Every structure is written in C-alpha cells, then in structure tokens.
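Student: Here it is: the structure, laid out below.
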Amino acid sequence: MDLQKLTIHELSDLLKKSEITSEEITRQYLARIEKYDEKIGAYITIDKTYAFAQAKKADEMIAKGKASLLTGIPLAVKDLLCTKGVRTTCGSKILENFVPEYDASIISRFKNQGAVIIGKTNLDEFAMGSSTENSAFHLTKNPWNKECVPGGSSGGSAAAVAAGFCAGSLGTDTGGSIRQPASHCGVVGLKPTYGRVSRFGLVSYASSLDQIGPITKDVKDAAIILNCICGKDDKDSTSIDVDVPDFLSVFDEFEKTSLKGMTAGIPMEYLSVEGIDPDVKKIFMEAKERLKDLGMKIVDISLPHTEYAIAAYYIIAPCEASSNLARFDGVRYGHRSKDADDLLDMYKNTKYEGFGEEVKRRIIIGTYALSAGYYDAYYGRASRVRSLIMNDFTNAFKKCDIIISPVAPTPAFKIGENSDDPLTMYLTDVFTLSANMASVPGLSVPAGLSSKGLPVGLQMMAARFDEKSLLKAGFGFEQSLLEDKSLDKTRRFCKL
C-alpha cells in the first residue's frame, strides 16, 4: 500500500485499527524522501534516528489506547521552528550549525500527541521571500513542474506535502508564506488568526505579522493540526487567551447545513489589480460560481486601502526584521567571522558573511526607516495605514462571512524569472498580505489547473478567530470539486 497517498485522517484510522504501524509509515516516507528529494530539495535536515524513535513511542501510545489523530503521523516542520537536539538553520549560513536546547511550544504539542517529526524543510532565508529561491543551502523545486518555484517562504513545507514526503507540515505566514506556496503546489494551507497559535520557539521575521499554520492534503487534515496547535501559551506574550473550538465539529455541521446561509464578499479592488494571469482569473470566476451553486450568497465589497497595503507591509516587516535580526552578531550563537581585527570588524563581517542578499536588503530598508528623523515618516505612517486596513476588514465582515480572492496573481513562475526584480517578487503577495496586516485568518484551497497544468488556489479570509467559517467553506468547495471529479488532477500523487 502506498501510504504516502493517504491523508492524516485516513492514516489515523488505519493506525487505530492496527492495520499498519507508525514505523511502517515512517519507513515508507523516509524511503521516498531518499529516492526523490534530491530532485525536489524540500528538506534541509532529515534525522532518521530521531524519526524512528518517535515512531516507536507512537506505536506504544497506540497500543495503550492513548492515541490522538496525530499519533504516529509523520509530519514536516519549517526550519524556522526550534527543535531540541536537531539543528535549526532558518535557511541561513549564519545559523548553519545551530542546535537549539529547547523545543518550540508547537513542537512540544506535536510530541505530546505522538506525532512523528520527520525533518526540517527548506525556506527562504529567515522567511524573507516568495519563492524559496533565497535559501542559503539549495533551491526547492515545484513537484508539479521542476522548472518552477514552489512559492515561498514555506516552499519546502508545501513541496514536501505535494511530493508525498510527509503527511502534513507546518509553515509560517508573514505576508502569505503558507497560502501562496500551498496554492502553487496544489495543497491546502491555513494561516490562523494572529495570536491563536503560540510563536514561542519561532525565530521571528516580523513579530507582529508572523503566524504558524498547517499545510496539508485536504481541509480536514488542516483542522486536525489546528486542533493540536491552537491555544494560549504563557511562554508567548502575543498568545491570546481565547476559547479554542473543536475545529473538526465543522464537518458534522456541514452535513446538516451545507453552505446555505453563508455570504462571500469579493473585494472590487482585488480584481482590478494589474497583471492577473488570465488562467487565475478564469479559475477564480469558476470558483465563485461553484460557491454560489452550493448555496452561498455572493456580494461585492470594498477594501478601500488595498492600494497602500504592499507599501505599508514592506515598511513594517523590514523594520521588525532589522530589530529581530540584530541578535545575530557572532557573539552568543551562530556563525562568527574569523576575519576580523577588532570587535566592530567581527560584527560587520559576521553579518556580511552570514546573511544573504535579500535579508541584507530588508535589514537595510528597516534600519533606514527606523533611523532618527525617519521613524514617523515611514514606520509611523505605515502603522497608521495598517489601522485603516484593519478597519476595512472589520467593516467588510459586517456584510459577509468570508472574503474570497485569488491567492496569487499568477501560477508558479519559472525558477530565476523574478530573481533580479525584487519589486515584481514583492507584488506576488498582493492578495495575501492584507490578512496579516489585519490579523485575520486565511485559507488556500486547490481550485483548478492552469492551461500549463500548474495548480491554482482559491483564497478565503474570515473575521478574527473565525477559522471555523474558513474550514466550512473550504471543505464544501473541496468536496464539490471531488464529487464532480474536478479535483482529481490537483489531488494527484506527484510522479517524481
């Protein structure tokens, strides 16, 4: 049996029936990674001993009747989350040999439920990028077309799920870095509400924007992981003490209500964005009609400050990055330059040698914007624009339950196509980054294939802490595509 084709909930059923063991599943995944990942480059670190030790423990939990839905399930983790005893590089030379002494809170939750962490996935260095071309170690390629990028910055996590290298994965999303690679790789990606998931042990890019979330084969799997990772954490001051519902209850409710009574809003500003690929627009319009056929009401809405979102984001995020990355100075941990005559030289040379070009670019932008005489002109104004964007979403959700849009303006682009044009690369997040600015949850669900056979996703956004509406709408849409066979190709097991 090709266990890599199965979803988390399908594997969990087989484990509970004792038809398979976690060690068997883990062995199959590791064999597939060993055979094919050289072509894809989804992982930075694989620790077989670590994985099998967890699988053995999971099988013991199952035998004792203490299993959860994640017990024994091989999962991948973006290499931006600290894992005790396993190196955490952030895709950067400056942390190439860094081995944390503690687990991120999310990793501890996985371990408590008996999940098997199979490896650490590739990413744009410190999550700064939209294509996973900025890793210090290697490129990650899109399993659908190895000449194309998988998206970023969680490209390794999305590619690993699409290629059958794990049952599900964790990514992080600062401006679309879960949803965009999920769209490009034909899988499901969910960015929870900011504060819903603990960020303790996450190496921060932009502290007020970063959020951890699942990348999975289907919507139900996303809910399973969400049940595990959500909740207040006293170790994280940005973690919000709010009730966590049972996200799996959505699927029982769906059987009773379908999507009737729900309303989806379409921002007129999004569809007027220049450069939307005709295939993306066509698939989005078909998705809108499908939701309408499922009983959802469709209304036009306005997010009037959309045109300022990218400019504000690319002030706020680099400012926070320049502050967060100041800690990597060669003194306490990470790379230290050996070519230095004094302490100041060591600081400068360490950063010069350890950081890549995109990280340096964003540090310089952020440092400039925060410098004396410029703070109010740049960061202050960007923060005020952010407040206006938040108000736009608050007003919009008075008229609708979810907001729908494309995930990205184009399907996955060719490797190297936008490497020399940072502004074009930044524009790939035009539909996703507003959700981070407004701290609302967002979901990417496969919607179809472009004329070149590349996946295209549909984005759904909901009000803060209303992930249940996203899961309900996403599940209904997904099931409709499956029923009429429209999703067969986008759910295929990639032939690597």
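In the structure tokens, chains take the letters A, B, ... in the order shown, each chain's residues start at 1, and ligands count up from 1 in the order shown.
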Would you pick out the contacts of segment 22-29 of chain A at 7 Å or less, using only C-alpha atoms, so that residues sharing its chain but fewer than 2 positions from it are not included, and give the list as a PyMOL selection string?
Tutor: chain A and resi 3-4+20+31-33+52+55-56+58-59+72-74+165-166
Student: Which parts of segment 9-110 of chain A does DSSP call alpha helix (DSSP H) when run on the backbone here, written out as a PyMOL selection string?
Tutor: chain A and resi 9-16+22-40+48-63+105-110
Student: What does the file look like for those residues with C-alpha atoms, as an mmCIF file, in the first residue's frame?
Tutor:
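Dumped to out_21.cif:
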```cif
data_model
loop_
_atom_site.group_PDB
_atom_site.id
_atom_site.type_symbol
_atom_site.label_atom_id
_atom_site.label_comp_id
_atom_site.auth_asym_id
_atom_site.auth_seq_id
_atom_site.Cartn_x
_atom_site.Cartn_y
_atom_site.Cartn_z
ATOM 1 C CA HIS A 9 -7.272 11.126 8.936
ATOM 2 C CA GLU A 10 -7.022 8.074 6.671
ATOM 3 C CA LEU A 11 -3.678 7.060 8.190
ATOM 4 C CA SER A 12 -5.026 7.623 11.695
ATOM 5 C CA ASP A 13 -7.932 5.242 11.026
ATOM 6 C CA LEU A 14 -5.545 2.522 9.856
ATOM 7 C CA LEU A 15 -3.292 3.026 12.870
ATOM 8 C CA LYS A 16 -6.175 2.728 15.319
ATOM 9 C CA SER A 22 3.848 4.256 12.678
ATOM 10 C CA GLU A 23 7.232 2.673 11.993
ATOM 11 C CA GLU A 24 5.916 1.303 8.684
ATOM 12 C CA ILE A 25 4.550 4.697 7.644
ATOM 13 C CA THR A 26 7.740 6.475 8.682
ATOM 14 C CA ARG A 27 9.881 3.954 6.797
ATOM 15 C CA GLN A 28 7.879 4.471 3.600
ATOM 16 C CA TYR A 29 8.139 8.254 3.827
ATOM 17 C CA LEU A 30 11.880 8.164 4.515
ATOM 18 C CA ALA A 31 12.423 5.774 1.586
ATOM 19 C CA ARG A 32 10.518 8.108 -0.741
ATOM 20 C CA ILE A 33 12.480 11.120 0.518
ATOM 21 C CA GLU A 34 15.765 9.300 -0.002
ATOM 22 C CA LYS A 35 14.757 8.319 -3.531
ATOM 23 C CA TYR A 36 13.267 11.584 -4.763
ATOM 24 C CA ASP A 37 14.117 14.591 -2.614
ATOM 25 C CA GLU A 38 17.365 15.164 -4.440
ATOM 26 C CA LYS A 39 15.169 16.242 -7.366
ATOM 27 C CA ILE A 40 12.914 18.493 -5.249
ATOM 28 C CA LYS A 48 16.194 9.112 10.694
ATOM 29 C CA THR A 49 17.177 8.085 14.222
ATOM 30 C CA TYR A 50 15.079 10.905 15.669
ATOM 31 C CA ALA A 51 12.110 9.982 13.444
ATOM 32 C CA PHE A 52 12.142 6.261 14.227
ATOM 33 C CA ALA A 53 12.465 6.919 17.966
ATOM 34 C CA GLN A 54 9.285 8.998 17.805
ATOM 35 C CA ALA A 55 7.532 6.376 15.667
ATOM 36 C CA LYS A 56 8.367 3.644 18.172
ATOM 37 C CA LYS A 57 6.997 5.775 21.011
ATOM 38 C CA ALA A 58 3.854 6.477 18.964
ATOM 39 C CA ASP A 59 3.226 2.783 18.395
ATOM 40 C CA GLU A 60 3.476 2.232 22.151
ATOM 41 C CA MET A 61 0.917 5.007 22.747
ATOM 42 C CA ILE A 62 -1.464 3.431 20.228
ATOM 43 C CA ALA A 63 -1.075 0.006 21.832
ATOM 44 C CA SER A 105 5.817 25.225 22.002
ATOM 45 C CA ILE A 106 4.222 23.867 18.821
ATOM 46 C CA ILE A 107 6.850 21.124 18.600
ATOM 47 C CA SER A 108 6.140 20.175 22.221
ATOM 48 C CA ARG A 109 2.433 19.918 21.388
ATOM 49 C CA PHE A 110 3.197 17.631 18.451
#
```
Student: Could you pull out all residues of segment 195-435 of chain A with a DSSP call of strand (DSSP E or B) and give them as a list in words?
Tutor: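 Taking segment 195-435 of chain A and keeping strand (DSSP E or B) gives Val197, Leu202, Gln211, Ile212, Gly213, Pro214, Ile215, Thr216, Cys230, Thr263, Ala264, Gly265, Ile266, Pro267, Lys297, Ile298, Val299, Asp300, Ile301, Ile402, Ile403, Ile404, Ser405, Pro406 and Lys414 of chain A.
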Student: Near segment 400-403 of chain A, counting only C-alpha atoms, which residues have an atom at most 12 Å away, once you skip same-chain residues fewer than 3 positions from it, shown as JSON, numbers by chain?
Tutor: {"A": [259, 260, 261, 262, 263, 264, 265, 266, 267, 268, 270, 288, 291, 296, 297, 298, 299, 300, 301, 302, 303, 392, 393, 394, 395, 396, 397, 406, 407, 431, 432, 434, 435, 440, 441, 442, 443, 444, 458, 459, 460, 461, 462, 463, 464, 466, 467, 468, 469, 470, 471, 472, 473, 474]}
Student: I want to know what sits within 10 Å of Thr140 of chain A, based on only C-alpha atoms, with residues of the same chain fewer than 3 positions away left out; could you give that as a ChimeraX atom specification?
Tutor: /A:37-44,121-124,131-135,137,143,146,148-152,155-157,159-160,415
Student: Could you write out that same residue set with N, CA and C atoms as a short mmCIF file (atom, residue, chain, number, x, y, z; two decimals), in the first residue's frame?
Tutor:
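part.cif, written as the output of this step:
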```
data_model
loop_
_atom_site.label_atom_id
_atom_site.label_comp_id
_atom_site.auth_asym_id
_atom_site.auth_seq_id
_atom_site.Cartn_x
_atom_site.Cartn_y
_atom_site.Cartn_z
N ASP A 37 13.97 13.20 -3.05
CA ASP A 37 14.12 14.59 -2.61
C ASP A 37 15.32 15.29 -3.22
N GLU A 38 16.25 14.53 -3.74
CA GLU A 38 17.36 15.16 -4.44
C GLU A 38 16.87 15.97 -5.64
N LYS A 39 15.75 15.54 -6.22
CA LYS A 39 15.17 16.24 -7.37
C LYS A 39 14.35 17.46 -6.93
N ILE A 40 13.83 17.44 -5.71
CA ILE A 40 12.91 18.49 -5.25
C ILE A 40 13.59 19.46 -4.28
N GLY A 41 14.35 18.94 -3.34
CA GLY A 41 15.02 19.81 -2.36
C GLY A 41 14.08 20.35 -1.31
N ALA A 42 13.12 19.54 -0.87
CA ALA A 42 12.14 20.02 0.12
C ALA A 42 12.75 20.15 1.50
N TYR A 43 13.71 19.31 1.84
CA TYR A 43 14.24 19.26 3.20
C TYR A 43 15.65 19.85 3.29
N ILE A 44 15.93 20.43 4.45
CA ILE A 44 17.29 20.81 4.81
C ILE A 44 17.91 19.73 5.69
N THR A 121 12.15 21.50 6.89
CA THR A 121 12.01 21.82 5.47
C THR A 121 12.68 23.14 5.09
N ASN A 122 13.00 23.22 3.81
CA ASN A 122 13.70 24.38 3.25
C ASN A 122 12.78 25.60 3.19
N LEU A 123 13.40 26.77 3.16
CA LEU A 123 12.65 28.03 3.17
C LEU A 123 13.51 29.15 2.64
N ASP A 124 12.87 30.25 2.27
CA ASP A 124 13.63 31.48 2.03
C ASP A 124 14.29 31.89 3.34
N SER A 131 9.49 32.62 -2.98
CA SER A 131 9.76 31.59 -3.98
C SER A 131 10.65 30.46 -3.48
N THR A 132 11.21 30.56 -2.28
CA THR A 132 12.19 29.62 -1.73
C THR A 132 13.43 29.55 -2.61
N GLU A 133 13.73 30.64 -3.29
CA GLU A 133 15.00 30.75 -4.03
C GLU A 133 16.08 31.42 -3.18
N ASN A 134 15.71 31.91 -2.00
CA ASN A 134 16.66 32.66 -1.18
C ASN A 134 17.29 31.82 -0.07
N SER A 135 17.10 30.52 -0.08
CA SER A 135 17.75 29.67 0.91
C SER A 135 19.25 29.67 0.69
N PHE A 137 21.07 27.18 1.27
CA PHE A 137 21.51 25.80 1.08
C PHE A 137 21.23 25.25 -0.32
N PRO A 143 7.01 20.28 -7.22
CA PRO A 143 6.81 18.89 -7.67
C PRO A 143 5.96 18.76 -8.93
N LYS A 146 9.33 20.86 -12.23
CA LYS A 146 10.60 21.13 -11.54
C LYS A 146 11.36 22.31 -12.13
N CYS A 148 9.81 25.15 -12.12
CA CYS A 148 9.10 26.25 -11.46
C CYS A 148 9.38 26.28 -9.96
N VAL A 149 9.17 27.44 -9.36
CA VAL A 149 9.32 27.59 -7.92
C VAL A 149 8.12 26.96 -7.21
N PRO A 150 8.27 26.57 -5.94
CA PRO A 150 7.13 26.06 -5.17
C PRO A 150 6.37 27.17 -4.46
N GLY A 151 6.86 28.41 -4.59
CA GLY A 151 6.33 29.50 -3.77
C GLY A 151 7.17 29.62 -2.52
N GLY A 152 6.86 30.63 -1.72
CA GLY A 152 7.65 30.84 -0.51
C GLY A 152 6.92 31.71 0.49
N GLY A 155 8.12 27.17 1.03
CA GLY A 155 8.11 26.34 -0.16
C GLY A 155 8.50 24.90 0.11
N GLY A 156 9.44 24.68 1.02
CA GLY A 156 9.85 23.32 1.36
C GLY A 156 8.71 22.54 2.00
N SER A 157 7.96 23.20 2.88
CA SER A 157 6.84 22.55 3.56
C SER A 157 5.74 22.18 2.57
N ALA A 159 6.06 21.82 -0.79
CA ALA A 159 6.58 20.83 -1.73
C ALA A 159 6.63 19.44 -1.11
N ALA A 160 6.97 19.37 0.20
CA ALA A 160 7.05 18.08 0.88
C ALA A 160 5.70 17.39 0.93
N ILE A 415 11.82 29.18 -12.19
CA ILE A 415 12.96 29.46 -11.30
C ILE A 415 13.85 30.51 -11.96
#
```
Student: A:Tyr205, A:Tyr426, A:Tyr333, A:Phe254: which is nearest Glu320 of chain A, counting only C-alpha atoms?
Tutor: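 That would be A:Tyr205, the residue with the smallest distance to Glu320 of chain A.
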Student: Atom CA of Ser480 of chain A and atom CA of Leu170 of chain A are how many Å apart?
Tutor: 26.1 Å
Student: Within 10 Å of segment 89-102 of chain A, counting only C-alpha atoms, which residues qualify if same-chain residues fewer than 6 places away don't, as a ChimeraX atom specification?
Tutor: /A:44-45,78-83,108,120-128,132,134-138,201-204,328-330,333-337,350-356,359
